[in-house]
$ cat my_file-v7.cif   # mmCIF, N, CA and C atoms and all ligand atoms
data_protein
#
loop_
_atom_site.group_PDB
_atom_site.id
_atom_site.type_symbol
_atom_site.label_atom_id
_atom_site.label_comp_id
_atom_site.auth_asym_id
_atom_site.auth_seq_id
_atom_site.Cartn_x
_atom_site.Cartn_y
_atom_site.Cartn_z
ATOM 1 N N MET H 1 10.784 13.993 10.604
ATOM 2 C CA MET H 1 9.978 13.525 9.473
ATOM 3 C C MET H 1 10.795 12.529 8.636
ATOM 4 N N ALA H 2 10.119 11.497 8.098
ATOM 5 C CA ALA H 2 10.812 10.502 7.267
ATOM 6 C C ALA H 2 11.253 11.145 5.949
ATOM 7 N N ASP H 3 12.403 10.678 5.449
ATOM 8 C CA ASP H 3 12.934 11.232 4.195
ATOM 9 C C ASP H 3 12.377 10.481 2.988
ATOM 10 N N VAL H 4 12.167 11.217 1.900
ATOM 11 C CA VAL H 4 11.786 10.578 0.636
ATOM 12 C C VAL H 4 12.978 9.749 0.152
ATOM 13 N N LEU H 5 12.682 8.509 -0.294
ATOM 14 C CA LEU H 5 13.752 7.607 -0.722
ATOM 15 C C LEU H 5 14.358 8.062 -2.050
ATOM 16 N N GLY H 6 15.649 7.860 -2.206
ATOM 17 C CA GLY H 6 16.309 8.105 -3.483
ATOM 18 C C GLY H 6 15.925 7.029 -4.490
ATOM 19 N N ASN H 7 16.158 7.316 -5.762
ATOM 20 C CA ASN H 7 15.748 6.390 -6.818
ATOM 21 C C ASN H 7 16.376 5.015 -6.676
ATOM 22 N N ASP H 8 17.665 4.944 -6.356
ATOM 23 C CA ASP H 8 18.343 3.652 -6.252
ATOM 24 C C ASP H 8 17.765 2.822 -5.111
ATOM 25 N N THR H 9 17.559 3.477 -3.986
ATOM 26 C CA THR H 9 16.990 2.784 -2.821
ATOM 27 C C THR H 9 15.598 2.264 -3.141
ATOM 28 N N LEU H 10 14.803 3.111 -3.806
ATOM 29 C CA LEU H 10 13.433 2.715 -4.128
ATOM 30 C C LEU H 10 13.419 1.558 -5.132
ATOM 31 N N THR H 11 14.272 1.634 -6.141
ATOM 32 C CA THR H 11 14.323 0.558 -7.144
ATOM 33 C C THR H 11 14.680 -0.772 -6.488
ATOM 34 N N ALA H 12 15.668 -0.748 -5.589
ATOM 35 C CA ALA H 12 16.069 -1.973 -4.891
ATOM 36 C C ALA H 12 14.928 -2.484 -4.016
ATOM 37 N N ALA H 13 14.236 -1.579 -3.349
ATOM 38 C CA ALA H 13 13.141 -1.989 -2.467
ATOM 39 C C ALA H 13 12.001 -2.601 -3.278
ATOM 40 N N LEU H 14 11.678 -1.994 -4.420
ATOM 41 C CA LEU H 14 10.573 -2.509 -5.230
ATOM 42 C C LEU H 14 10.875 -3.906 -5.769
ATOM 43 N N ALA H 15 12.165 -4.176 -6.024
ATOM 44 C CA ALA H 15 12.543 -5.506 -6.520
ATOM 45 C C ALA H 15 12.212 -6.584 -5.488
ATOM 46 N N ASP H 16 12.168 -6.209 -4.205
ATOM 47 C CA ASP H 16 11.871 -7.159 -3.125
ATOM 48 C C ASP H 16 10.403 -7.158 -2.715
ATOM 49 N N LEU H 17 9.632 -6.250 -3.304
ATOM 50 C CA LEU H 17 8.235 -6.121 -2.891
ATOM 51 C C LEU H 17 7.329 -6.660 -3.991
ATOM 52 N N GLN H 18 6.898 -7.886 -3.817
ATOM 53 C CA GLN H 18 6.105 -8.516 -4.871
ATOM 54 C C GLN H 18 4.834 -7.724 -5.163
ATOM 55 N N GLY H 19 4.638 -7.416 -6.450
ATOM 56 C CA GLY H 19 3.384 -6.804 -6.883
ATOM 57 C C GLY H 19 3.349 -5.296 -6.876
ATOM 58 N N TRP H 20 4.388 -4.671 -6.326
ATOM 59 C CA TRP H 20 4.372 -3.208 -6.210
ATOM 60 C C TRP H 20 5.194 -2.564 -7.320
ATOM 61 N N SER H 21 4.692 -1.412 -7.780
ATOM 62 C CA SER H 21 5.432 -0.624 -8.767
ATOM 63 C C SER H 21 5.218 0.847 -8.446
ATOM 64 N N GLY H 22 5.978 1.685 -9.121
ATOM 65 C CA GLY H 22 5.786 3.112 -8.904
ATOM 66 C C GLY H 22 7.081 3.867 -8.999
ATOM 67 N N ASP H 23 7.050 5.074 -8.442
ATOM 68 C CA ASP H 23 8.231 5.939 -8.479
ATOM 69 C C ASP H 23 8.299 6.713 -7.181
ATOM 70 N N ALA H 24 9.157 7.707 -7.131
ATOM 71 C CA ALA H 24 9.400 8.422 -5.879
ATOM 72 C C ALA H 24 8.154 9.156 -5.373
ATOM 73 N N GLU H 25 7.175 9.356 -6.259
ATOM 74 C CA GLU H 25 5.945 10.049 -5.838
ATOM 75 C C GLU H 25 4.951 9.117 -5.158
ATOM 76 N N GLY H 26 5.015 7.819 -5.513
ATOM 77 C CA GLY H 26 4.050 6.902 -4.928
ATOM 78 C C GLY H 26 4.242 5.506 -5.486
ATOM 79 N N ILE H 27 3.849 4.505 -4.695
ATOM 80 C CA ILE H 27 3.916 3.117 -5.151
ATOM 81 C C ILE H 27 2.526 2.510 -5.018
ATOM 82 N N GLU H 28 2.240 1.519 -5.875
ATOM 83 C CA GLU H 28 0.903 0.937 -5.808
ATOM 84 C C GLU H 28 0.908 -0.546 -6.141
ATOM 85 N N ARG H 29 -0.097 -1.203 -5.607
ATOM 86 C CA ARG H 29 -0.330 -2.611 -5.921
ATOM 87 C C ARG H 29 -1.830 -2.816 -6.062
ATOM 88 N N SER H 30 -2.215 -3.537 -7.104
ATOM 89 C CA SER H 30 -3.612 -3.932 -7.289
ATOM 90 C C SER H 30 -3.739 -5.418 -7.014
ATOM 91 N N VAL H 31 -4.859 -5.782 -6.439
ATOM 92 C CA VAL H 31 -5.132 -7.192 -6.198
ATOM 93 C C VAL H 31 -6.587 -7.467 -6.569
ATOM 94 N N THR H 32 -6.780 -8.565 -7.282
ATOM 95 C CA THR H 32 -8.147 -8.961 -7.631
ATOM 96 C C THR H 32 -8.556 -10.116 -6.732
ATOM 97 N N ALA H 33 -9.564 -9.860 -5.917
ATOM 98 C CA ALA H 33 -10.042 -10.847 -4.945
ATOM 99 C C ALA H 33 -11.014 -11.813 -5.627
ATOM 100 N N PRO H 34 -11.256 -12.962 -4.995
ATOM 101 C CA PRO H 34 -12.200 -13.922 -5.584
ATOM 102 C C PRO H 34 -13.613 -13.336 -5.735
ATOM 103 N N ALA H 35 -13.997 -12.482 -4.801
ATOM 104 C CA ALA H 35 -15.338 -11.893 -4.839
ATOM 105 C C ALA H 35 -15.280 -10.503 -4.206
ATOM 106 N N PHE H 36 -16.282 -9.702 -4.475
ATOM 107 C CA PHE H 36 -16.316 -8.316 -3.985
ATOM 108 C C PHE H 36 -16.093 -8.235 -2.469
ATOM 109 N N LEU H 37 -16.810 -9.100 -1.713
ATOM 110 C CA LEU H 37 -16.706 -9.009 -0.257
ATOM 111 C C LEU H 37 -15.330 -9.443 0.249
ATOM 112 N N ASP H 38 -14.627 -10.306 -0.493
ATOM 113 C CA ASP H 38 -13.246 -10.650 -0.111
ATOM 114 C C ASP H 38 -12.358 -9.413 -0.230
ATOM 115 N N GLY H 39 -12.569 -8.631 -1.288
ATOM 116 C CA GLY H 39 -11.811 -7.389 -1.446
ATOM 117 C C GLY H 39 -12.109 -6.406 -0.322
ATOM 118 N N ILE H 40 -13.373 -6.326 0.059
ATOM 119 C CA ILE H 40 -13.764 -5.425 1.148
ATOM 120 C C ILE H 40 -13.148 -5.884 2.470
ATOM 121 N N ARG H 41 -13.104 -7.206 2.685
ATOM 122 C CA ARG H 41 -12.465 -7.725 3.910
ATOM 123 C C ARG H 41 -10.982 -7.353 3.939
ATOM 124 N N LEU H 42 -10.321 -7.482 2.784
ATOM 125 C CA LEU H 42 -8.904 -7.108 2.719
ATOM 126 C C LEU H 42 -8.729 -5.617 3.046
ATOM 127 N N VAL H 43 -9.610 -4.802 2.495
ATOM 128 C CA VAL H 43 -9.535 -3.362 2.775
ATOM 129 C C VAL H 43 -9.673 -3.115 4.283
ATOM 130 N N ALA H 44 -10.581 -3.840 4.932
ATOM 131 C CA ALA H 44 -10.773 -3.664 6.379
ATOM 132 C C ALA H 44 -9.521 -4.081 7.149
ATOM 133 N N GLU H 45 -8.890 -5.173 6.724
ATOM 134 C CA GLU H 45 -7.662 -5.628 7.396
ATOM 135 C C GLU H 45 -6.535 -4.619 7.209
ATOM 136 N N VAL H 46 -6.420 -4.100 5.996
ATOM 137 C CA VAL H 46 -5.390 -3.090 5.736
ATOM 138 C C VAL H 46 -5.687 -1.824 6.553
ATOM 139 N N ALA H 47 -6.958 -1.482 6.662
ATOM 140 C CA ALA H 47 -7.329 -0.289 7.440
ATOM 141 C C ALA H 47 -6.857 -0.423 8.888
ATOM 142 N N HIS H 48 -6.962 -1.638 9.455
ATOM 143 C CA HIS H 48 -6.529 -1.843 10.840
ATOM 144 C C HIS H 48 -5.021 -1.636 10.990
ATOM 145 N N VAL H 49 -4.233 -2.236 10.107
ATOM 146 C CA VAL H 49 -2.772 -2.094 10.251
ATOM 147 C C VAL H 49 -2.356 -0.658 9.943
ATOM 148 N N ALA H 50 -3.070 -0.015 9.020
ATOM 149 C CA ALA H 50 -2.749 1.381 8.690
ATOM 150 C C ALA H 50 -3.023 2.288 9.886
ATOM 151 N N GLU H 51 -4.119 2.017 10.552
ATOM 152 C CA GLU H 51 -4.478 2.849 11.712
ATOM 153 C C GLU H 51 -3.472 2.644 12.841
ATOM 154 N N GLN H 52 -3.056 1.400 13.022
ATOM 155 C CA GLN H 52 -2.049 1.114 14.061
ATOM 156 C C GLN H 52 -0.738 1.835 13.761
ATOM 157 N N ALA H 53 -0.394 1.892 12.469
ATOM 158 C CA ALA H 53 0.863 2.540 12.070
ATOM 159 C C ALA H 53 0.696 4.050 11.939
ATOM 160 N N ASP H 54 -0.536 4.537 12.026
ATOM 161 C CA ASP H 54 -0.834 5.949 11.744
ATOM 162 C C ASP H 54 -0.257 6.353 10.391
ATOM 163 N N HIS H 55 -0.450 5.463 9.431
ATOM 164 C CA HIS H 55 0.045 5.709 8.076
ATOM 165 C C HIS H 55 -0.967 5.091 7.120
ATOM 166 N N HIS H 56 -1.550 5.908 6.243
ATOM 167 C CA HIS H 56 -2.769 5.493 5.555
ATOM 168 C C HIS H 56 -2.613 5.482 4.037
ATOM 169 N N PRO H 57 -3.060 4.402 3.416
ATOM 170 C CA PRO H 57 -2.993 4.313 1.946
ATOM 171 C C PRO H 57 -4.186 5.012 1.290
ATOM 172 N N ASP H 58 -4.015 5.383 0.030
ATOM 173 C CA ASP H 58 -5.171 5.713 -0.811
ATOM 174 C C ASP H 58 -5.674 4.375 -1.338
ATOM 175 N N ILE H 59 -6.983 4.191 -1.324
ATOM 176 C CA ILE H 59 -7.560 2.903 -1.707
ATOM 177 C C ILE H 59 -8.638 3.107 -2.762
ATOM 178 N N ASP H 60 -8.521 2.351 -3.837
ATOM 179 C CA ASP H 60 -9.496 2.404 -4.924
ATOM 180 C C ASP H 60 -10.135 1.020 -5.035
ATOM 181 N N ILE H 61 -11.457 0.972 -4.961
ATOM 182 C CA ILE H 61 -12.178 -0.307 -5.032
ATOM 183 C C ILE H 61 -13.030 -0.321 -6.285
ATOM 184 N N ARG H 62 -12.775 -1.288 -7.141
ATOM 185 C CA ARG H 62 -13.596 -1.457 -8.348
ATOM 186 C C ARG H 62 -14.010 -2.922 -8.441
ATOM 187 N N TRP H 63 -15.229 -3.196 -8.038
ATOM 188 C CA TRP H 63 -15.773 -4.555 -7.925
ATOM 189 C C TRP H 63 -14.771 -5.433 -7.167
ATOM 190 N N ARG H 64 -14.118 -6.403 -7.830
ATOM 191 C CA ARG H 64 -13.245 -7.325 -7.086
ATOM 192 C C ARG H 64 -11.802 -6.837 -7.022
ATOM 193 N N THR H 65 -11.490 -5.721 -7.680
ATOM 194 C CA THR H 65 -10.102 -5.262 -7.755
ATOM 195 C C THR H 65 -9.886 -4.066 -6.827
ATOM 196 N N VAL H 66 -8.916 -4.235 -5.939
ATOM 197 C CA VAL H 66 -8.579 -3.180 -4.975
ATOM 198 C C VAL H 66 -7.154 -2.699 -5.275
ATOM 199 N N THR H 67 -6.982 -1.394 -5.350
ATOM 200 C CA THR H 67 -5.657 -0.822 -5.566
ATOM 201 C C THR H 67 -5.269 0.010 -4.353
ATOM 202 N N PHE H 68 -4.094 -0.310 -3.823
ATOM 203 C CA PHE H 68 -3.534 0.442 -2.705
ATOM 204 C C PHE H 68 -2.412 1.319 -3.252
ATOM 205 N N ARG H 69 -2.470 2.601 -2.927
ATOM 206 C CA ARG H 69 -1.409 3.511 -3.344
ATOM 207 C C ARG H 69 -0.805 4.145 -2.097
ATOM 208 N N LEU H 70 0.519 4.092 -2.030
ATOM 209 C CA LEU H 70 1.214 4.559 -0.828
ATOM 210 C C LEU H 70 2.178 5.698 -1.139
ATOM 211 N N SER H 71 2.091 6.732 -0.315
ATOM 212 C CA SER H 71 3.111 7.777 -0.282
ATOM 213 C C SER H 71 2.989 8.412 1.094
ATOM 214 N N THR H 72 4.024 9.120 1.479
ATOM 215 C CA THR H 72 3.986 9.821 2.768
ATOM 216 C C THR H 72 3.646 11.279 2.480
ATOM 217 N N HIS H 73 2.409 11.643 2.782
ATOM 218 C CA HIS H 73 1.916 12.976 2.391
ATOM 219 C C HIS H 73 2.786 14.074 2.978
ATOM 220 N N SER H 74 3.156 13.897 4.226
ATOM 221 C CA SER H 74 3.916 14.961 4.913
ATOM 222 C C SER H 74 5.310 15.137 4.315
ATOM 223 N N ALA H 75 5.829 14.086 3.658
ATOM 224 C CA ALA H 75 7.177 14.163 3.081
ATOM 225 C C ALA H 75 7.131 14.451 1.579
ATOM 226 N N GLY H 76 5.964 14.260 0.974
ATOM 227 C CA GLY H 76 5.827 14.521 -0.456
ATOM 228 C C GLY H 76 6.383 13.424 -1.341
ATOM 229 N N GLY H 77 6.410 12.183 -0.840
ATOM 230 C CA GLY H 77 6.904 11.081 -1.663
ATOM 231 C C GLY H 77 6.996 9.804 -0.857
ATOM 232 N N VAL H 78 7.682 8.829 -1.426
ATOM 233 C CA VAL H 78 7.773 7.493 -0.813
ATOM 234 C C VAL H 78 8.895 7.472 0.225
ATOM 235 N N THR H 79 8.567 6.978 1.410
ATOM 236 C CA THR H 79 9.543 6.860 2.500
ATOM 237 C C THR H 79 9.542 5.419 3.018
ATOM 238 N N GLU H 80 10.394 5.171 4.002
ATOM 239 C CA GLU H 80 10.449 3.840 4.637
ATOM 240 C C GLU H 80 9.096 3.460 5.226
ATOM 241 N N LYS H 81 8.315 4.437 5.645
ATOM 242 C CA LYS H 81 6.984 4.133 6.192
ATOM 243 C C LYS H 81 6.113 3.433 5.152
ATOM 244 N N ASP H 82 6.257 3.870 3.907
ATOM 245 C CA ASP H 82 5.457 3.254 2.837
ATOM 246 C C ASP H 82 5.926 1.830 2.554
ATOM 247 N N LEU H 83 7.248 1.642 2.578
ATOM 248 C CA LEU H 83 7.769 0.284 2.363
ATOM 249 C C LEU H 83 7.289 -0.649 3.471
ATOM 250 N N ALA H 84 7.306 -0.145 4.697
ATOM 251 C CA ALA H 84 6.867 -0.979 5.834
ATOM 252 C C ALA H 84 5.395 -1.356 5.674
ATOM 253 N N LEU H 85 4.560 -0.397 5.279
ATOM 254 C CA LEU H 85 3.133 -0.702 5.110
ATOM 255 C C LEU H 85 2.913 -1.621 3.909
ATOM 256 N N ALA H 86 3.685 -1.416 2.843
ATOM 257 C CA ALA H 86 3.572 -2.300 1.672
ATOM 258 C C ALA H 86 3.888 -3.742 2.071
ATOM 259 N N ARG H 87 4.896 -3.932 2.920
ATOM 260 C CA ARG H 87 5.238 -5.302 3.366
ATOM 261 C C ARG H 87 4.084 -5.895 4.174
ATOM 262 N N GLN H 88 3.471 -5.082 5.018
ATOM 263 C CA GLN H 88 2.340 -5.571 5.814
ATOM 264 C C GLN H 88 1.155 -5.925 4.913
ATOM 265 N N ILE H 89 0.911 -5.099 3.904
ATOM 266 C CA ILE H 89 -0.193 -5.387 2.974
ATOM 267 C C ILE H 89 0.090 -6.693 2.239
ATOM 268 N N ASN H 90 1.327 -6.902 1.837
ATOM 269 C CA ASN H 90 1.668 -8.159 1.158
ATOM 270 C C ASN H 90 1.425 -9.366 2.060
ATOM 271 N N GLU H 91 1.729 -9.217 3.348
ATOM 272 C CA GLU H 91 1.469 -10.333 4.272
ATOM 273 C C GLU H 91 -0.025 -10.624 4.341
ATOM 274 N N LEU H 92 -0.845 -9.567 4.319
ATOM 275 C CA LEU H 92 -2.298 -9.771 4.388
ATOM 276 C C LEU H 92 -2.834 -10.386 3.088
ATOM 277 N N ILE H 93 -2.241 -9.984 1.958
ATOM 278 C CA ILE H 93 -2.678 -10.557 0.676
ATOM 279 C C ILE H 93 -2.298 -12.043 0.623
ATOM 280 N N GLY H 94 -1.106 -12.341 1.197
ATOM 281 C CA GLY H 94 -0.651 -13.740 1.282
ATOM 282 C C GLY H 94 0.015 -14.226 0.016
HETATM 283 C C1 LIG H 101 -1.261 13.368 12.380
HETATM 284 C C2 LIG H 101 -1.001 12.090 11.620
HETATM 285 O O1 LIG H 101 0.036 11.370 12.236
HETATM 286 C C3 LIG H 101 -0.602 12.379 10.198
HETATM 287 O O2 LIG H 101 -1.510 13.253 9.583
HETATM 288 C C4 LIG H 101 -0.386 11.118 9.392
HETATM 289 C C5 LIG H 101 -1.667 10.327 9.162
HETATM 290 N N1 LIG H 101 -1.501 9.360 8.089
HETATM 291 C C6 LIG H 101 -0.647 9.567 7.077
HETATM 292 N N2 LIG H 101 -0.607 8.756 6.024
HETATM 293 C C7 LIG H 101 0.186 8.988 4.986
HETATM 294 N N3 LIG H 101 0.179 8.157 3.946
HETATM 295 N N4 LIG H 101 1.015 10.053 4.983
HETATM 296 C C8 LIG H 101 1.073 10.924 5.998
HETATM 297 O O3 LIG H 101 1.854 11.888 5.944
HETATM 298 C C9 LIG H 101 0.229 10.688 7.114
HETATM 299 N N5 LIG H 101 0.241 11.464 8.157
#

$ encode --input "my_file-v7.cif" --output "structure tokens"
Amino acid sequence: MADVLGNDTLTAALADLQGWSGDAEGIERSVTAPAFLDGIRLVAEVAHVAEQADHHPDIDIRWRTVTFRLSTHSAGGVTEKDLALARQINELIG
């Protein structure tokens, strides 16, 4: 099982992850899309990479604003798996 990241490691990682914030329990990024359906398309793209990684975000959709929250449920906090998915989400956001 992946290990929960220590505070120093997480702080350093967040400094390199544009748009993400959080703590050892979870990290999140919100993005406001140009229109509702653009946000839904982004959610679908993230769903594909999440399924491929077998690692799934919590997703909150409010009109044009989508919030992705990442933690590793089985580990009880943020692990390298979450950082990897956060990087993939950032690539999709562009
Ligand atoms: C069996 C399957 O691999 C697990 O249940 C996966 C599915 N997706 C997951 N996603 C997240 N975020 N955390 C997990 O611990 C997790 N576990």

$ select_by_dssp --input "my_file-v7.cif" --residues "chain H" --states "alpha helix (DSSP H)" --output "mmCIF file with N, CA and C atoms, keeping the file's coordinate frame"
data_model
loop_
_atom_site.group_PDB
_atom_site.id
_atom_site.type_symbol
_atom_site.label_atom_id
_atom_site.label_comp_id
_atom_site.auth_asym_id
_atom_site.auth_seq_id
_atom_site.Cartn_x
_atom_site.Cartn_y
_atom_site.Cartn_z
ATOM 1 N N ASN H 7 16.158 7.316 -5.762
ATOM 2 C CA ASN H 7 15.748 6.390 -6.818
ATOM 3 C C ASN H 7 16.376 5.015 -6.676
ATOM 4 N N ASP H 8 17.665 4.944 -6.356
ATOM 5 C CA ASP H 8 18.343 3.652 -6.252
ATOM 6 C C ASP H 8 17.765 2.822 -5.111
ATOM 7 N N THR H 9 17.559 3.477 -3.986
ATOM 8 C CA THR H 9 16.990 2.784 -2.821
ATOM 9 C C THR H 9 15.598 2.264 -3.141
ATOM 10 N N LEU H 10 14.803 3.111 -3.806
ATOM 11 C CA LEU H 10 13.433 2.715 -4.128
ATOM 12 C C LEU H 10 13.419 1.558 -5.132
ATOM 13 N N THR H 11 14.272 1.634 -6.141
ATOM 14 C CA THR H 11 14.323 0.558 -7.144
ATOM 15 C C THR H 11 14.680 -0.772 -6.488
ATOM 16 N N ALA H 12 15.668 -0.748 -5.589
ATOM 17 C CA ALA H 12 16.069 -1.973 -4.891
ATOM 18 C C ALA H 12 14.928 -2.484 -4.016
ATOM 19 N N ALA H 13 14.236 -1.579 -3.349
ATOM 20 C CA ALA H 13 13.141 -1.989 -2.467
ATOM 21 C C ALA H 13 12.001 -2.601 -3.278
ATOM 22 N N LEU H 14 11.678 -1.994 -4.420
ATOM 23 C CA LEU H 14 10.573 -2.509 -5.230
ATOM 24 C C LEU H 14 10.875 -3.906 -5.769
ATOM 25 N N ALA H 15 12.165 -4.176 -6.024
ATOM 26 C CA ALA H 15 12.543 -5.506 -6.520
ATOM 27 C C ALA H 15 12.212 -6.584 -5.488
ATOM 28 N N ASP H 16 12.168 -6.209 -4.205
ATOM 29 C CA ASP H 16 11.871 -7.159 -3.125
ATOM 30 C C ASP H 16 10.403 -7.158 -2.715
ATOM 31 N N PHE H 36 -16.282 -9.702 -4.475
ATOM 32 C CA PHE H 36 -16.316 -8.316 -3.985
ATOM 33 C C PHE H 36 -16.093 -8.235 -2.469
ATOM 34 N N LEU H 37 -16.810 -9.100 -1.713
ATOM 35 C CA LEU H 37 -16.706 -9.009 -0.257
ATOM 36 C C LEU H 37 -15.330 -9.443 0.249
ATOM 37 N N ASP H 38 -14.627 -10.306 -0.493
ATOM 38 C CA ASP H 38 -13.246 -10.650 -0.111
ATOM 39 C C ASP H 38 -12.358 -9.413 -0.230
ATOM 40 N N GLY H 39 -12.569 -8.631 -1.288
ATOM 41 C CA GLY H 39 -11.811 -7.389 -1.446
ATOM 42 C C GLY H 39 -12.109 -6.406 -0.322
ATOM 43 N N ILE H 40 -13.373 -6.326 0.059
ATOM 44 C CA ILE H 40 -13.764 -5.425 1.148
ATOM 45 C C ILE H 40 -13.148 -5.884 2.470
ATOM 46 N N ARG H 41 -13.104 -7.206 2.685
ATOM 47 C CA ARG H 41 -12.465 -7.725 3.910
ATOM 48 C C ARG H 41 -10.982 -7.353 3.939
ATOM 49 N N LEU H 42 -10.321 -7.482 2.784
ATOM 50 C CA LEU H 42 -8.904 -7.108 2.719
ATOM 51 C C LEU H 42 -8.729 -5.617 3.046
ATOM 52 N N VAL H 43 -9.610 -4.802 2.495
ATOM 53 C CA VAL H 43 -9.535 -3.362 2.775
ATOM 54 C C VAL H 43 -9.673 -3.115 4.283
ATOM 55 N N ALA H 44 -10.581 -3.840 4.932
ATOM 56 C CA ALA H 44 -10.773 -3.664 6.379
ATOM 57 C C ALA H 44 -9.521 -4.081 7.149
ATOM 58 N N GLU H 45 -8.890 -5.173 6.724
ATOM 59 C CA GLU H 45 -7.662 -5.628 7.396
ATOM 60 C C GLU H 45 -6.535 -4.619 7.209
ATOM 61 N N VAL H 46 -6.420 -4.100 5.996
ATOM 62 C CA VAL H 46 -5.390 -3.090 5.736
ATOM 63 C C VAL H 46 -5.687 -1.824 6.553
ATOM 64 N N ALA H 47 -6.958 -1.482 6.662
ATOM 65 C CA ALA H 47 -7.329 -0.289 7.440
ATOM 66 C C ALA H 47 -6.857 -0.423 8.888
ATOM 67 N N HIS H 48 -6.962 -1.638 9.455
ATOM 68 C CA HIS H 48 -6.529 -1.843 10.840
ATOM 69 C C HIS H 48 -5.021 -1.636 10.990
ATOM 70 N N VAL H 49 -4.233 -2.236 10.107
ATOM 71 C CA VAL H 49 -2.772 -2.094 10.251
ATOM 72 C C VAL H 49 -2.356 -0.658 9.943
ATOM 73 N N ALA H 50 -3.070 -0.015 9.020
ATOM 74 C CA ALA H 50 -2.749 1.381 8.690
ATOM 75 C C ALA H 50 -3.023 2.288 9.886
ATOM 76 N N GLU H 51 -4.119 2.017 10.552
ATOM 77 C CA GLU H 51 -4.478 2.849 11.712
ATOM 78 C C GLU H 51 -3.472 2.644 12.841
ATOM 79 N N GLN H 52 -3.056 1.400 13.022
ATOM 80 C CA GLN H 52 -2.049 1.114 14.061
ATOM 81 C C GLN H 52 -0.738 1.835 13.761
ATOM 82 N N ALA H 53 -0.394 1.892 12.469
ATOM 83 C CA ALA H 53 0.863 2.540 12.070
ATOM 84 C C ALA H 53 0.696 4.050 11.939
ATOM 85 N N GLU H 80 10.394 5.171 4.002
ATOM 86 C CA GLU H 80 10.449 3.840 4.637
ATOM 87 C C GLU H 80 9.096 3.460 5.226
ATOM 88 N N LYS H 81 8.315 4.437 5.645
ATOM 89 C CA LYS H 81 6.984 4.133 6.192
ATOM 90 C C LYS H 81 6.113 3.433 5.152
ATOM 91 N N ASP H 82 6.257 3.870 3.907
ATOM 92 C CA ASP H 82 5.457 3.254 2.837
ATOM 93 C C ASP H 82 5.926 1.830 2.554
ATOM 94 N N LEU H 83 7.248 1.642 2.578
ATOM 95 C CA LEU H 83 7.769 0.284 2.363
ATOM 96 C C LEU H 83 7.289 -0.649 3.471
ATOM 97 N N ALA H 84 7.306 -0.145 4.697
ATOM 98 C CA ALA H 84 6.867 -0.979 5.834
ATOM 99 C C ALA H 84 5.395 -1.356 5.674
ATOM 100 N N LEU H 85 4.560 -0.397 5.279
ATOM 101 C CA LEU H 85 3.133 -0.702 5.110
ATOM 102 C C LEU H 85 2.913 -1.621 3.909
ATOM 103 N N ALA H 86 3.685 -1.416 2.843
ATOM 104 C CA ALA H 86 3.572 -2.300 1.672
ATOM 105 C C ALA H 86 3.888 -3.742 2.071
ATOM 106 N N ARG H 87 4.896 -3.932 2.920
ATOM 107 C CA ARG H 87 5.238 -5.302 3.366
ATOM 108 C C ARG H 87 4.084 -5.895 4.174
ATOM 109 N N GLN H 88 3.471 -5.082 5.018
ATOM 110 C CA GLN H 88 2.340 -5.571 5.814
ATOM 111 C C GLN H 88 1.155 -5.925 4.913
ATOM 112 N N ILE H 89 0.911 -5.099 3.904
ATOM 113 C CA ILE H 89 -0.193 -5.387 2.974
ATOM 114 C C ILE H 89 0.090 -6.693 2.239
ATOM 115 N N ASN H 90 1.327 -6.902 1.837
ATOM 116 C CA ASN H 90 1.668 -8.159 1.158
ATOM 117 C C ASN H 90 1.425 -9.366 2.060
ATOM 118 N N GLU H 91 1.729 -9.217 3.348
ATOM 119 C CA GLU H 91 1.469 -10.333 4.272
ATOM 120 C C GLU H 91 -0.025 -10.624 4.341
ATOM 121 N N LEU H 92 -0.845 -9.567 4.319
ATOM 122 C CA LEU H 92 -2.298 -9.771 4.388
ATOM 123 C C LEU H 92 -2.834 -10.386 3.088
ATOM 124 N N ILE H 93 -2.241 -9.984 1.958
ATOM 125 C CA ILE H 93 -2.678 -10.557 0.676
ATOM 126 C C ILE H 93 -2.298 -12.043 0.623
#

$ residues_near_ligand --input "my_file-v7.cif" --ligand "ligand LIG 101 (chain H)" --cutoff "8 Å" --atoms "all atoms listed in the file" --output "ChimeraX atom specification"
/H:50,53-58,69-76,81-82

$ resolve_selection --input "my_file-v7.cif" --expression "the PyMOL selection byres (((chain H and resi 94 and name CA) around 12) and not hetatm and name CA)" --output "number ranges by chain"
H: 18-19, 31, 33, 42, 87-93

$ atom_distance --input "my_file-v7.cif" --atom1 "atom C of Trp20 of chain H" --atom2 "atom CA of Trp63 of chain H"
21.1 Å

$ atom_distance --input "my_file-v7.cif" --atom1 "atom C of Ser21 of chain H" --atom2 "atom CA of Phe36 of chain H"
23.8 Å

$ closest_residue --input "my_file-v7.cif" --among "H:Ala12, H:Val49, H:Val78, H:Ile61" --to "Ala24 of chain H" --atoms "only C-alpha atoms"
H:Val78

$ atom_distance --input "my_file-v7.cif" --atom1 "atom C of Glu25 of chain H" --atom2 "atom C of Val66 of chain H"
16.9 Å

$ closest_residue --input "my_file-v7.cif" --among "H:Glu28, H:Asp60, H:Asp23, H:Asp8" --to "Gly77 of chain H" --atoms "all atoms listed in the file"
H:Asp23

$ select_by_dssp --input "my_file-v7.cif" --residues "chain H" --states "strand (DSSP E)" --output "PyMOL selection string"
chain H and resi 21-23+26-32+58-62+65-70

$ resolve_selection --input "my_file-v7.cif" --expression "the PyMOL selection byres (((chain H and resi 5) around 6) and not hetatm)" --output "PyMOL selection string"
chain H and resi 3-4+6-7+9-10+77-80
